[in-house]
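Enquirer: Below is the file upload_7.cif, which contains mmCIF, C-alpha atoms.
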data_start
#
loop_
_atom_site.group_PDB
_atom_site.id
_atom_site.type_symbol
_atom_site.label_atom_id
_atom_site.label_comp_id
_atom_site.auth_asym_id
_atom_site.auth_seq_id
_atom_site.Cartn_x
_atom_site.Cartn_y
_atom_site.Cartn_z
ATOM 1 C CA MET A 1 11.578 -18.097 -48.470
ATOM 2 C CA THR A 2 8.981 -20.863 -48.193
ATOM 3 C CA ASP A 3 5.335 -20.415 -49.055
ATOM 4 C CA LEU A 4 4.381 -20.252 -45.382
ATOM 5 C CA GLN A 5 7.035 -17.632 -44.645
ATOM 6 C CA GLU A 6 5.865 -15.568 -47.599
ATOM 7 C CA GLN A 7 2.263 -15.873 -46.442
ATOM 8 C CA GLN A 8 3.264 -14.770 -42.944
ATOM 9 C CA ALA A 9 5.189 -11.785 -44.338
ATOM 10 C CA ASP A 10 2.127 -10.665 -46.334
ATOM 11 C CA GLU A 11 -0.142 -10.990 -43.298
ATOM 12 C CA ARG A 12 2.327 -9.138 -41.086
ATOM 13 C CA GLU A 13 2.441 -6.242 -43.529
ATOM 14 C CA ALA A 14 -1.358 -6.170 -43.713
ATOM 15 C CA LEU A 15 -1.727 -6.133 -39.903
ATOM 16 C CA LEU A 16 0.705 -3.241 -39.496
ATOM 17 C CA SER A 17 -1.138 -1.293 -42.157
ATOM 18 C CA ILE A 18 -4.641 -1.983 -40.779
ATOM 19 C CA TYR A 19 -3.796 -1.236 -37.148
ATOM 20 C CA GLU A 20 -1.516 1.721 -37.797
ATOM 21 C CA GLY A 21 -2.323 4.359 -35.165
ATOM 22 C CA ASP A 22 -4.418 1.934 -33.084
ATOM 23 C CA GLU A 23 -3.013 2.168 -29.532
ATOM 24 C CA ASN A 24 -4.653 -1.118 -28.553
ATOM 25 C CA PHE A 25 -2.551 -3.034 -31.074
ATOM 26 C CA LYS A 26 1.091 -3.936 -30.530
ATOM 27 C CA GLN A 27 3.654 -6.010 -32.414
ATOM 28 C CA VAL A 28 5.933 -7.633 -29.816
ATOM 29 C CA ASP A 29 8.215 -9.337 -32.380
ATOM 30 C CA PRO A 30 7.852 -10.429 -36.033
ATOM 31 C CA ASN A 31 5.622 -13.350 -35.047
ATOM 32 C CA THR A 32 3.865 -12.092 -31.881
ATOM 33 C CA PHE A 33 0.991 -9.621 -31.732
ATOM 34 C CA GLN A 34 -1.195 -8.250 -28.929
ATOM 35 C CA TYR A 35 -4.544 -6.510 -28.767
ATOM 36 C CA LYS A 36 -6.160 -4.903 -25.734
ATOM 37 C CA TYR A 37 -9.898 -4.749 -25.128
ATOM 38 C CA GLY A 38 -11.696 -2.295 -22.847
ATOM 39 C CA GLU A 39 -10.461 0.787 -21.026
ATOM 40 C CA ASP A 40 -7.151 0.787 -19.174
ATOM 41 C CA ASP A 41 -7.366 -0.551 -15.607
ATOM 42 C CA HIS A 42 -11.056 -1.407 -15.991
ATOM 43 C CA TYR A 43 -11.789 -4.644 -14.168
ATOM 44 C CA LYS A 44 -13.163 -6.234 -17.372
ATOM 45 C CA SER A 45 -10.335 -5.084 -19.615
ATOM 46 C CA PHE A 46 -7.992 -7.774 -20.958
ATOM 47 C CA LEU A 47 -5.213 -8.371 -23.467
ATOM 48 C CA VAL A 48 -4.880 -11.181 -26.025
ATOM 49 C CA GLU A 49 -1.513 -12.297 -27.374
ATOM 50 C CA ILE A 50 -1.256 -14.342 -30.573
ATOM 51 C CA GLN A 51 2.024 -15.975 -31.565
ATOM 52 C CA TRP A 52 2.659 -17.684 -34.892
ATOM 53 C CA ASN A 53 4.580 -20.949 -35.075
ATOM 54 C CA GLU A 54 6.567 -22.250 -38.045
ATOM 55 C CA ASN A 55 3.542 -23.897 -39.653
ATOM 56 C CA TYR A 56 1.074 -21.033 -39.161
ATOM 57 C CA PRO A 57 -1.491 -20.612 -40.678
ATOM 58 C CA ASN A 58 -1.703 -24.320 -41.413
ATOM 59 C CA GLU A 59 -1.605 -24.842 -37.647
ATOM 60 C CA LEU A 60 -3.363 -22.864 -34.952
ATOM 61 C CA PRO A 61 -1.322 -20.006 -33.452
ATOM 62 C CA ASN A 62 -0.465 -19.961 -29.788
ATOM 63 C CA ILE A 63 -3.071 -17.944 -27.865
ATOM 64 C CA ASN A 64 -1.751 -16.491 -24.609
ATOM 65 C CA MET A 65 -4.037 -15.054 -21.916
ATOM 66 C CA ASP A 66 -1.407 -15.011 -19.148
ATOM 67 C CA ALA A 67 0.064 -11.583 -19.858
ATOM 68 C CA PHE A 68 0.693 -9.456 -16.760
ATOM 69 C CA TYR A 69 -2.060 -7.092 -17.887
ATOM 70 C CA ASN A 70 -4.563 -9.901 -17.221
ATOM 71 C CA ARG A 71 -3.389 -10.432 -13.624
ATOM 72 C CA ASN A 72 -6.840 -9.529 -12.207
ATOM 73 C CA LEU A 73 -8.785 -11.611 -14.697
ATOM 74 C CA ILE A 74 -10.200 -14.737 -13.084
ATOM 75 C CA PRO A 75 -9.159 -18.092 -14.651
ATOM 76 C CA ALA A 76 -12.699 -18.890 -15.818
ATOM 77 C CA ILE A 77 -12.795 -15.732 -17.961
ATOM 78 C CA LYS A 78 -9.352 -16.403 -19.415
ATOM 79 C CA ALA A 79 -10.407 -19.907 -20.367
ATOM 80 C CA LYS A 80 -13.652 -18.676 -21.925
ATOM 81 C CA VAL A 81 -11.882 -16.065 -24.088
ATOM 82 C CA LYS A 82 -9.229 -18.556 -25.186
ATOM 83 C CA GLN A 83 -11.840 -21.179 -26.108
ATOM 84 C CA ALA A 84 -13.783 -18.649 -28.187
ATOM 85 C CA LEU A 85 -10.616 -17.784 -30.133
ATOM 86 C CA ILE A 86 -9.733 -21.434 -30.720
ATOM 87 C CA GLU A 87 -13.205 -22.182 -32.077
ATOM 88 C CA GLU A 88 -12.947 -19.209 -34.436
ATOM 89 C CA ALA A 89 -9.386 -20.074 -35.514
ATOM 90 C CA GLU A 90 -10.314 -23.653 -36.444
ATOM 91 C CA GLN A 91 -12.585 -22.291 -39.152
ATOM 92 C CA TRP A 92 -9.709 -20.398 -40.792
ATOM 93 C CA LEU A 93 -6.913 -22.979 -40.933
ATOM 94 C CA GLY A 94 -4.740 -22.385 -43.988
ATOM 95 C CA CYS A 95 -5.646 -18.698 -44.174
ATOM 96 C CA GLY A 96 -4.264 -15.638 -42.403
ATOM 97 C CA MET A 97 -6.516 -15.371 -39.349
ATOM 98 C CA THR A 98 -4.916 -12.997 -36.818
ATOM 99 C CA TYR A 99 -6.970 -9.978 -37.894
ATOM 100 C CA THR A 100 -10.143 -12.075 -37.826
ATOM 101 C CA LEU A 101 -9.384 -13.343 -34.310
ATOM 102 C CA PHE A 102 -8.724 -9.875 -32.941
ATOM 103 C CA GLU A 103 -11.877 -8.463 -34.549
ATOM 104 C CA CYS A 104 -14.201 -11.254 -33.437
ATOM 105 C CA LEU A 105 -13.559 -10.354 -29.789
ATOM 106 C CA LYS A 106 -14.546 -6.732 -30.290
ATOM 107 C CA ASP A 107 -18.174 -7.810 -30.528
ATOM 108 C CA ARG A 108 -17.937 -10.448 -27.786
ATOM 109 C CA HIS A 109 -15.605 -9.142 -25.068
ATOM 110 C CA ILE A 110 -18.502 -7.733 -22.988
ATOM 111 C CA GLU A 111 -20.359 -11.035 -23.227
ATOM 112 C CA LEU A 112 -17.248 -13.082 -22.411
ATOM 113 C CA THR A 113 -16.381 -11.004 -19.324
ATOM 114 C CA ALA A 114 -19.915 -10.793 -17.909
ATOM 115 C CA GLU A 115 -18.973 -12.984 -14.922
ATOM 116 C CA GLN A 116 -15.771 -11.098 -14.116
ATOM 117 C CA PRO A 117 -16.144 -9.681 -10.547
ATOM 118 C CA GLU A 118 -15.224 -6.065 -9.927
ATOM 119 C CA HIS A 119 -13.171 -6.883 -6.846
ATOM 120 C CA VAL A 120 -10.905 -9.902 -7.096
ATOM 121 C CA GLN A 121 -9.245 -11.531 -4.090
ATOM 122 C CA ALA A 122 -5.473 -11.114 -4.130
ATOM 123 C CA GLN A 123 -3.650 -14.063 -5.622
ATOM 124 C CA SER A 124 -2.019 -16.454 -3.155
ATOM 125 C CA ILE A 125 1.749 -16.380 -2.737
ATOM 126 C CA ASP A 126 3.725 -19.151 -4.384
ATOM 127 C CA LEU A 127 5.661 -20.575 -1.432
ATOM 128 C CA ASP A 128 7.884 -22.621 -3.723
ATOM 129 C CA ASN A 129 9.205 -19.509 -5.483
ATOM 130 C CA GLY A 130 10.364 -17.300 -2.668
ATOM 131 C CA GLY A 131 7.007 -16.762 -1.033
ATOM 132 C CA VAL A 132 8.247 -17.886 2.375
ATOM 133 C CA SER A 133 11.079 -15.367 2.458
ATOM 134 C CA ALA A 134 8.674 -12.653 1.403
ATOM 135 C CA ILE A 135 6.388 -13.534 4.306
ATOM 136 C CA LYS A 136 9.273 -13.572 6.765
ATOM 137 C CA ILE A 137 10.453 -10.159 5.652
ATOM 138 C CA SER A 138 6.958 -8.768 5.972
ATOM 139 C CA ASP A 139 6.527 -10.259 9.448
ATOM 140 C CA THR A 140 9.878 -8.875 10.574
ATOM 141 C CA ASP A 141 8.997 -5.413 9.404
ATOM 142 C CA ASP A 142 5.681 -5.569 11.219
ATOM 143 C CA ALA A 143 7.403 -6.738 14.409
ATOM 144 C CA ASN A 144 9.927 -3.905 14.233
ATOM 145 C CA LYS A 145 7.132 -1.417 13.781
ATOM 146 C CA LYS A 146 5.337 -2.786 16.846
ATOM 147 C CA LYS A 147 8.503 -2.526 18.973
ATOM 148 C CA GLU A 148 8.985 1.152 18.270
ATOM 149 C CA PRO A 149 8.115 3.045 21.464
ATOM 150 C CA LYS A 150 5.455 5.645 21.226
ATOM 151 C CA LYS A 151 6.654 9.209 21.622
ATOM 152 C CA GLU A 152 5.347 10.974 24.705
ATOM 153 C CA GLN A 153 2.797 13.626 23.863
ATOM 154 C CA LEU A 154 3.623 16.864 25.674
ATOM 155 C CA THR A 155 1.030 19.421 26.715
ATOM 156 C CA LYS A 156 1.336 23.022 25.577
ATOM 157 C CA ALA A 157 2.545 24.041 29.052
ATOM 158 C CA GLN A 158 5.236 21.310 29.040
ATOM 159 C CA LYS A 159 6.365 22.352 25.573
ATOM 160 C CA ARG A 160 6.548 26.009 26.694
ATOM 161 C CA ARG A 161 8.668 25.131 29.745
ATOM 162 C CA GLN A 162 10.941 22.978 27.587
ATOM 163 C CA TRP A 163 11.334 25.848 25.108
ATOM 164 C CA GLU A 164 12.144 28.331 27.892
ATOM 165 C CA ARG A 165 14.992 26.073 29.071
ATOM 166 C CA THR A 166 16.669 26.373 25.675
ATOM 167 C CA ASP A 167 18.254 29.323 23.886
ATOM 168 C CA HIS A 168 15.192 29.381 21.539
ATOM 169 C CA LYS A 169 17.242 27.664 18.863
ATOM 170 C CA GLY A 170 16.681 24.187 20.184
ATOM 171 C CA ASP A 171 19.974 24.090 22.170
ATOM 172 C CA ARG A 172 20.252 24.259 25.955
ATOM 173 C CA PRO A 173 22.622 26.872 27.411
ATOM 174 C CA ARG A 174 26.134 25.870 28.440
ATOM 175 C CA GLY A 175 26.284 24.507 31.996
ATOM 176 C CA TRP A 176 22.557 23.783 32.226
ATOM 177 C CA ASP A 177 23.284 20.443 33.895
ATOM 178 C CA TRP A 178 26.149 21.609 36.152
ATOM 179 C CA VAL A 179 25.683 21.007 39.882
ATOM 180 C CA ASP A 180 25.403 24.135 42.036
ATOM 181 C CA ILE A 181 28.472 23.489 44.200
ATOM 182 C CA VAL A 182 27.591 26.026 46.896
ATOM 183 C CA LYS A 183 24.057 24.695 47.153
ATOM 184 C CA HIS A 184 25.339 21.136 47.185
ATOM 185 C CA LEU A 185 27.792 21.867 50.003
ATOM 186 C CA SER A 186 25.169 23.724 51.984
ATOM 187 C CA GLN A 187 22.945 20.678 51.801
ATOM 188 C CA THR A 188 25.581 18.033 52.496
ATOM 189 C CA GLY A 189 28.065 20.016 54.654
ATOM 190 C CA SER A 190 25.726 20.468 57.614
ATOM 191 C CA LYS A 191 25.141 16.760 57.763
ATOM 192 C CA ASP A 192 28.856 16.004 57.629
ATOM 193 C CA SER A 193 29.516 18.690 60.272
ATOM 194 C CA ASN A 194 26.844 17.328 62.596
ATOM 195 C CA ASP A 195 28.238 13.846 62.163
ATOM 196 C CA THR A 196 31.763 15.095 62.928
ATOM 197 C CA THR A 197 30.619 17.079 66.002
ATOM 198 C CA SER A 198 28.642 14.147 67.299
ATOM 199 C CA SER A 199 31.608 11.867 66.763
ATOM 200 C CA MET A 200 33.987 14.257 68.545
ATOM 201 C CA SER A 201 31.562 14.700 71.467
ATOM 202 C CA SER A 202 31.235 10.953 71.853
ATOM 203 C CA SER A 203 35.008 10.585 71.695
ATOM 204 C CA ASN A 204 35.532 13.281 74.342
ATOM 205 C CA THR A 205 33.004 11.631 76.638
ATOM 206 C CA ASN A 206 34.753 8.277 76.345
ATOM 207 C CA MET A 207 38.141 9.872 77.016
ATOM 208 C CA GLY A 208 36.796 11.706 80.059
ATOM 209 C CA THR A 209 35.395 8.511 81.505
ATOM 210 C CA ALA A 210 38.697 6.738 81.021
ATOM 211 C CA ALA A 211 40.655 9.584 82.666
ATOM 212 C CA ALA A 212 38.363 9.681 85.657
ATOM 213 C CA ALA A 213 38.915 5.988 86.184
ATOM 214 C CA LEU A 214 42.649 6.428 86.165
ATOM 215 C CA LEU A 215 42.578 9.332 88.697
ATOM 216 C CA GLN A 216 40.557 7.447 91.337
ATOM 217 C CA PRO A 217 42.651 6.726 94.476
ATOM 218 C CA LEU A 218 43.682 3.202 95.050
ATOM 219 C CA ASN A 219 42.012 1.487 98.036
ATOM 220 C CA ILE A 220 44.721 0.126 100.276
#
Show me the file's structure as structure tokens.

Expert:
Amino acid sequence: MTDLQEQQADEREALLSIYEGDENFKQVDPNTFQYKYGEDDHYKSFLVEIQWNENYPNELPNINMDAFYNRNLIPAIKAKVKQALIEEAEQWLGCGMTYTLFECLKDRHIELTAEQPEHVQAQSIDLDNGGVSAIKISDTDDANKKKEPKKEQLTKAQKRRQWERTDHKGDRPRGWDWVDIVKHLSQTGSKDSNDTTSSMSSSNTNMGTAAAALLQPLNI
């Protein structure tokens, strides 16, 4: 184990001991640590991630402000917090500094987030990474919703009549749509009969005229 590795191991052990039971602290992996500031879901709350490289603490650690938790934090605030940590870290090169960096923000996080708006405009969609397909899907869904016909609103009287036509279980009785044959014939038979009678009368008249012509005496 090199001197730097031994120094990192000592600092790691110290961090875990100091922040034991602190829900705002989290060790992501042996060289990556996070600390959250402010109340959960508060618009000024943010999370800082510090990652050691091979030459830490002789080199500055990587300071990450792009964790998903910070999705509503405006870029200007992220940059301000990161710059404050870098300025602090430069004073502690060669020494374990992670605890010092986390603690320095406890006194400054309100000051650093003073310009953070309560309501942030939704981030724009990255069209190069599937944003177009996401828009198309959304538009299609909206179009389908618009095409759905509106259900007719029935009055209480219409609903009552509809209910009375059923067996009170939601089903209509057997034969509800059958045609009343007798009624149908009574309505259509008279018309057919009249047409037949009229046709026969016309036919008889024509035949009578023809017969009368045949029975006339020939003029000699």

Enquirer: For the PyMOL selection byres ((chain A and resi 28-33) around 12), applied here, can you spell out every residue it catches as an MDAnalysis selection string?

Expert: chainID A and resid 5 8:13 15:16 19 24:27 34:36 47:57 61:64 98:99 101:102

Enquirer: Nearest to His42 in chain A among A:Thr113, A:Gln158, A:Ser17, A:Gln7, with distances taken over all atoms listed in the file: which residue is it?

Expert: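 Residue with the minimum atom-to-atom distance to His42 in chain A: A:Thr113.
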
Enquirer: Could you check the closest approach to Phe46 in chain A for each of A:Cys104, A:Leu112, A:Val120, A:Leu93 and tell me which residue wins, using all atoms listed in the file?

Expert: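 Once distances to Phe46 in chain A are computed over all atoms listed in the file, the minimum belongs to A:Leu112.
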
Enquirer: Let me make sure I understand: among A:Ser45, A:Asp40, A:Ile77, A:Arg71, which one has the smallest atom-to-atom distance to Lys106 in chain A if we use all atoms listed in the file?

Expert: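 Counting all atoms listed in the file, the residue closest to Lys106 in chain A is A:Ser45.
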
Enquirer: Here is a test: counting all atoms listed in the file, which residue of A:Lys80, A:Cys95, A:Lys44, A:Ala67 is nearest to Ile110 in chain A?

Expert: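 Going through A:Lys80, A:Cys95, A:Lys44, A:Ala67 one by one, the smallest distance to Ile110 in chain A is for A:Lys44.
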
Enquirer: Report the distance between CA of Glu88 in chain A and CA of Glu59 in chain A in Å, rounded to one decimal place.

Expert: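 Result for CA of Glu88 in chain A versus CA of Glu59 in chain A: 13.1 Å, one decimal.
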
Enquirer: Hey, which of A:Thr155, A:Gln91, A:Asn72, A:Gln116 ends up closest to Leu60 in chain A? Count all atoms listed in the file.

Expert: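 Using all atoms listed in the file, Leu60 in chain A sits closest to A:Gln91.
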
Enquirer: May I ask for the distance between CA of Pro75 in chain A and CA of Met97 in chain A, given in Å to one decimal place?

Expert: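 For CA of Pro75 in chain A relative to CA of Met97 in chain A, the distance reads 25.0 Å.
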
Enquirer: With all atoms listed in the file as the basis for distance, which of A:Asn58, A:Tyr37, A:Asp66, A:Glu118 is at the shortest distance from Lys82 in chain A?

Expert: A:Asp66

Enquirer: To one decimal place in Å, what is the distance between CA of Glu111 in chain A and CA of Tyr69 in chain A?

Expert: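 Rounded to one decimal, the two atoms are 19.5 Å apart.
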
Enquirer: Padding of 8 Å on every side, edges along x, y and z, all listed atoms of range 24-34 of chain A included: what centre and edge lengths in Å, to one decimal, does that box have, as JSON?

Expert:
{"center_x": 1.8, "center_y": -7.2, "center_z": -32.3, "size_x": 28.9, "size_y": 28.2, "size_z": 23.5}
